[in-house]
Amino acid sequence: GGYPGLIEECCSHFVVSVCSCFGRLKPALNTNAYSMLLALLLTPEIQLSDTRRMMCLKELLLNSSRDHISLVTKALISELTEHTACAVSLRRDDDLLLPRVRTTLGLLRSCLVSLSTHSRRWGTMAPHIPAILAHLSALVSHLLLP
């Protein structure tokens, strides 16, 4: 029973609320809570417009500590790896895959912008950039294959 879509809608309201006041919440959010929030933002089932999703991701990144940046780095590599596996799959569904790829690339773009402006805090991501770009390159080449 229940109400269809209610959980997704509650999750999206929760995510937007937490991200909008993340600067004040930061001391209360441990790494597990941060990981959960990031995972929710990268999940297409959470009903958010692309603009809203990117706004939330930017807000999250803006207030991230060095420990948080390590989690973002791991999440990026894991998402790109998963997308590549989906792109290679014989049962590939672009309607499901492409929105996830778009979100991940939006997160990567925001990270690269932050990396150049807040480089001390973001230093933990810098050594992983070559690996991230290699994953991205593999994903793109598989997406472009017929």
# chains A, B, ... in the order shown; residues from 1 in each chain; ligands from 1

$ select_by_dssp --residues "stretch 1-143 of chain A" --states "helix (DSSP H, G or I)" --output "number ranges by chain"
A: 6-20, 22-28, 31-41, 50-62, 66-88, 94-117, 119-122, 126-143

$ residues_around --residues "A:Leu41" --least-positions-apart "5" --cutoff "9 Å" --atoms "only C-alpha atoms" --output "list in words"
Ser12, Val15, Met36, Ile46, Leu48, Arg53, Met54, Cys56, Leu57 and Thr103 of chain A

$ write_last_selection --atoms "N, CA and C atoms" --output "short mmCIF file (atom, residue, chain, number, x, y, z; two decimals), in the first residue's frame"
data_model
loop_
_atom_site.label_atom_id
_atom_site.label_comp_id
_atom_site.auth_asym_id
_atom_site.auth_seq_id
_atom_site.Cartn_x
_atom_site.Cartn_y
_atom_site.Cartn_z
N SER A 12 13.77 13.90 -1.39
CA SER A 12 14.26 15.08 -2.12
C SER A 12 14.13 16.34 -1.26
N VAL A 15 16.98 16.17 1.29
CA VAL A 15 18.27 16.47 0.68
C VAL A 15 18.42 17.97 0.45
N MET A 36 25.99 9.31 2.82
CA MET A 36 24.59 9.04 2.51
C MET A 36 23.98 10.19 1.70
N ILE A 46 15.75 10.07 -6.73
CA ILE A 46 15.41 11.26 -5.95
C ILE A 46 14.97 12.33 -6.95
N LEU A 48 14.64 15.41 -8.36
CA LEU A 48 15.14 16.79 -8.34
C LEU A 48 15.44 17.20 -9.77
N ARG A 53 19.57 19.75 -8.36
CA ARG A 53 20.55 18.74 -7.96
C ARG A 53 21.96 19.34 -7.95
N MET A 54 22.29 20.09 -9.02
CA MET A 54 23.63 20.68 -9.10
C MET A 54 23.82 21.77 -8.04
N CYS A 56 22.47 21.75 -5.09
CA CYS A 56 22.71 21.02 -3.83
C CYS A 56 24.14 20.49 -3.78
N LEU A 57 24.60 19.92 -4.89
CA LEU A 57 25.98 19.39 -4.93
C LEU A 57 26.99 20.51 -4.71
N THR A 103 24.66 13.65 -14.10
CA THR A 103 24.83 14.07 -12.71
C THR A 103 26.28 13.91 -12.27
#

$ closest_residue --among "A:Ser64, A:Ser49, A:Ser17, A:Thr31" --to "A:His118" --atoms "only C-alpha atoms"
A:Ser64

$ closest_residue --among "A:Cys111, A:Leu40, A:Leu76, A:Leu71" --to "A:Glu9" --atoms "only C-alpha atoms"
A:Leu40

$ closest_residue --among "A:Leu139, A:Trp122, A:Ile129, A:Ser116" --to "A:Leu98" --atoms "only C-alpha atoms"
A:Leu139

$ residues_around --residues "A:Ala87" --least-positions-apart "5" --cutoff "9 Å" --atoms "only C-alpha atoms" --output "MDAnalysis selection string"
chainID A and resid 82 92:94 97 139:140 142:143

$ closest_residue --among "A:Leu80, A:Val18, A:Leu108, A:Val88" --to "A:Asn63" --atoms "only C-alpha atoms"
A:Val18

$ atom_distance --atom1 "atom CA of A:Ser110" --atom2 "atom CA of A:Val72"
11.1 Å

$ closest_atom_pairs --of "stretch 40-89 of chain A" --to "stretch 132-136 of chain A" --cutoff "10 Å" --atoms "only C-alpha atoms" --output "JSON lines"
{"residue": "A:Thr73", "atom": "CA", "partner": "A:Ile132", "partner_atom": "CA", "distance": 8.5}
{"residue": "A:Lys74", "atom": "CA", "partner": "A:Ile132", "partner_atom": "CA", "distance": 9.7}
{"residue": "A:Leu76", "atom": "CA", "partner": "A:Ile132", "partner_atom": "CA", "distance": 7.4}
{"residue": "A:Ile77", "atom": "CA", "partner": "A:Ile132", "partner_atom": "CA", "distance": 6.0}
{"residue": "A:Ser78", "atom": "CA", "partner": "A:His135", "partner_atom": "CA", "distance": 9.5}
{"residue": "A:Glu79", "atom": "CA", "partner": "A:His135", "partner_atom": "CA", "distance": 9.6}
{"residue": "A:Leu80", "atom": "CA", "partner": "A:His135", "partner_atom": "CA", "distance": 6.0}
{"residue": "A:Thr81", "atom": "CA", "partner": "A:His135", "partner_atom": "CA", "distance": 6.5}
{"residue": "A:Glu82", "atom": "CA", "partner": "A:His135", "partner_atom": "CA", "distance": 9.9}
{"residue": "A:His83", "atom": "CA", "partner": "A:Leu136", "partner_atom": "CA", "distance": 9.4}
{"residue": "A:Thr84", "atom": "CA", "partner": "A:His135", "partner_atom": "CA", "distance": 7.7}

$ atom_distance --atom1 "atom CA of A:Arg52" --atom2 "atom CA of A:Asp95"
19.9 Å

$ closest_residue --among "A:Ser70, A:Gly5, A:Leu96, A:Asn32" --to "A:Pro127" --atoms "only C-alpha atoms"
A:Ser70

$ closest_residue --among "A:Thr124, A:Thr51, A:Ser137, A:Thr104" --to "A:Ser65" --atoms "only C-alpha atoms"
A:Thr124

$ atom_distance --atom1 "atom CA of A:His68" --atom2 "atom CA of A:Ala138"
25.9 Å

$ decode --residues "stretch 101-143 of chain A" --atoms "C-alpha atoms" --output "PDB file, in the first residue's frame"
ATOM      1  CA  VAL A 101      26.218  10.129 -16.222  1.00  0.00           C
ATOM      2  CA  ARG A 102      25.032  13.749 -16.515  1.00  0.00           C
ATOM      3  CA  THR A 103      24.833  14.073 -12.711  1.00  0.00           C
ATOM      4  CA  THR A 104      28.264  12.509 -12.214  1.00  0.00           C
ATOM      5  CA  LEU A 105      29.824  14.806 -14.821  1.00  0.00           C
ATOM      6  CA  GLY A 106      28.146  17.792 -13.146  1.00  0.00           C
ATOM      7  CA  LEU A 107      29.710  16.730  -9.847  1.00  0.00           C
ATOM      8  CA  LEU A 108      33.108  16.306 -11.533  1.00  0.00           C
ATOM      9  CA  ARG A 109      32.847  19.759 -13.141  1.00  0.00           C
ATOM     10  CA  SER A 110      32.017  21.335  -9.762  1.00  0.00           C
ATOM     11  CA  CYS A 111      34.936  19.473  -8.171  1.00  0.00           C
ATOM     12  CA  LEU A 112      37.386  20.714 -10.796  1.00  0.00           C
ATOM     13  CA  VAL A 113      36.222  24.305 -10.310  1.00  0.00           C
ATOM     14  CA  SER A 114      36.556  23.954  -6.523  1.00  0.00           C
ATOM     15  CA  LEU A 115      39.925  22.266  -6.910  1.00  0.00           C
ATOM     16  CA  SER A 116      41.364  25.353  -8.547  1.00  0.00           C
ATOM     17  CA  THR A 117      39.837  27.866  -6.123  1.00  0.00           C
ATOM     18  CA  HIS A 118      40.207  26.044  -2.777  1.00  0.00           C
ATOM     19  CA  SER A 119      43.273  23.991  -3.596  1.00  0.00           C
ATOM     20  CA  ARG A 120      44.553  23.451  -0.037  1.00  0.00           C
ATOM     21  CA  ARG A 121      41.359  21.798   1.159  1.00  0.00           C
ATOM     22  CA  TRP A 122      40.960  19.962  -2.141  1.00  0.00           C
ATOM     23  CA  GLY A 123      44.544  18.701  -2.239  1.00  0.00           C
ATOM     24  CA  THR A 124      43.378  15.189  -1.333  1.00  0.00           C
ATOM     25  CA  MET A 125      41.633  14.880  -4.714  1.00  0.00           C
ATOM     26  CA  ALA A 126      44.515  16.110  -6.894  1.00  0.00           C
ATOM     27  CA  PRO A 127      46.496  12.810  -6.995  1.00  0.00           C
ATOM     28  CA  HIS A 128      43.342  10.994  -8.164  1.00  0.00           C
ATOM     29  CA  ILE A 129      42.624  13.261 -11.151  1.00  0.00           C
ATOM     30  CA  PRO A 130      44.543  11.059 -13.662  1.00  0.00           C
ATOM     31  CA  ALA A 131      42.561   7.965 -12.545  1.00  0.00           C
ATOM     32  CA  ILE A 132      39.280   9.901 -12.705  1.00  0.00           C
ATOM     33  CA  LEU A 133      40.103  11.106 -16.227  1.00  0.00           C
ATOM     34  CA  ALA A 134      41.057   7.558 -17.293  1.00  0.00           C
ATOM     35  CA  HIS A 135      37.681   6.281 -16.013  1.00  0.00           C
ATOM     36  CA  LEU A 136      35.932   9.140 -17.783  1.00  0.00           C
ATOM     37  CA  SER A 137      37.774   8.401 -21.028  1.00  0.00           C
ATOM     38  CA  ALA A 138      36.774   4.699 -20.855  1.00  0.00           C
ATOM     39  CA  LEU A 139      33.156   5.655 -20.172  1.00  0.00           C
ATOM     40  CA  VAL A 140      32.990   8.104 -23.064  1.00  0.00           C
ATOM     41  CA  SER A 141      34.534   5.644 -25.530  1.00  0.00           C
ATOM     42  CA  HIS A 142      31.970   2.968 -24.535  1.00  0.00           C
ATOM     43  CA  LEU A 143      29.083   5.429 -24.723  1.00  0.00           C
TER      44      LEU A 143
END
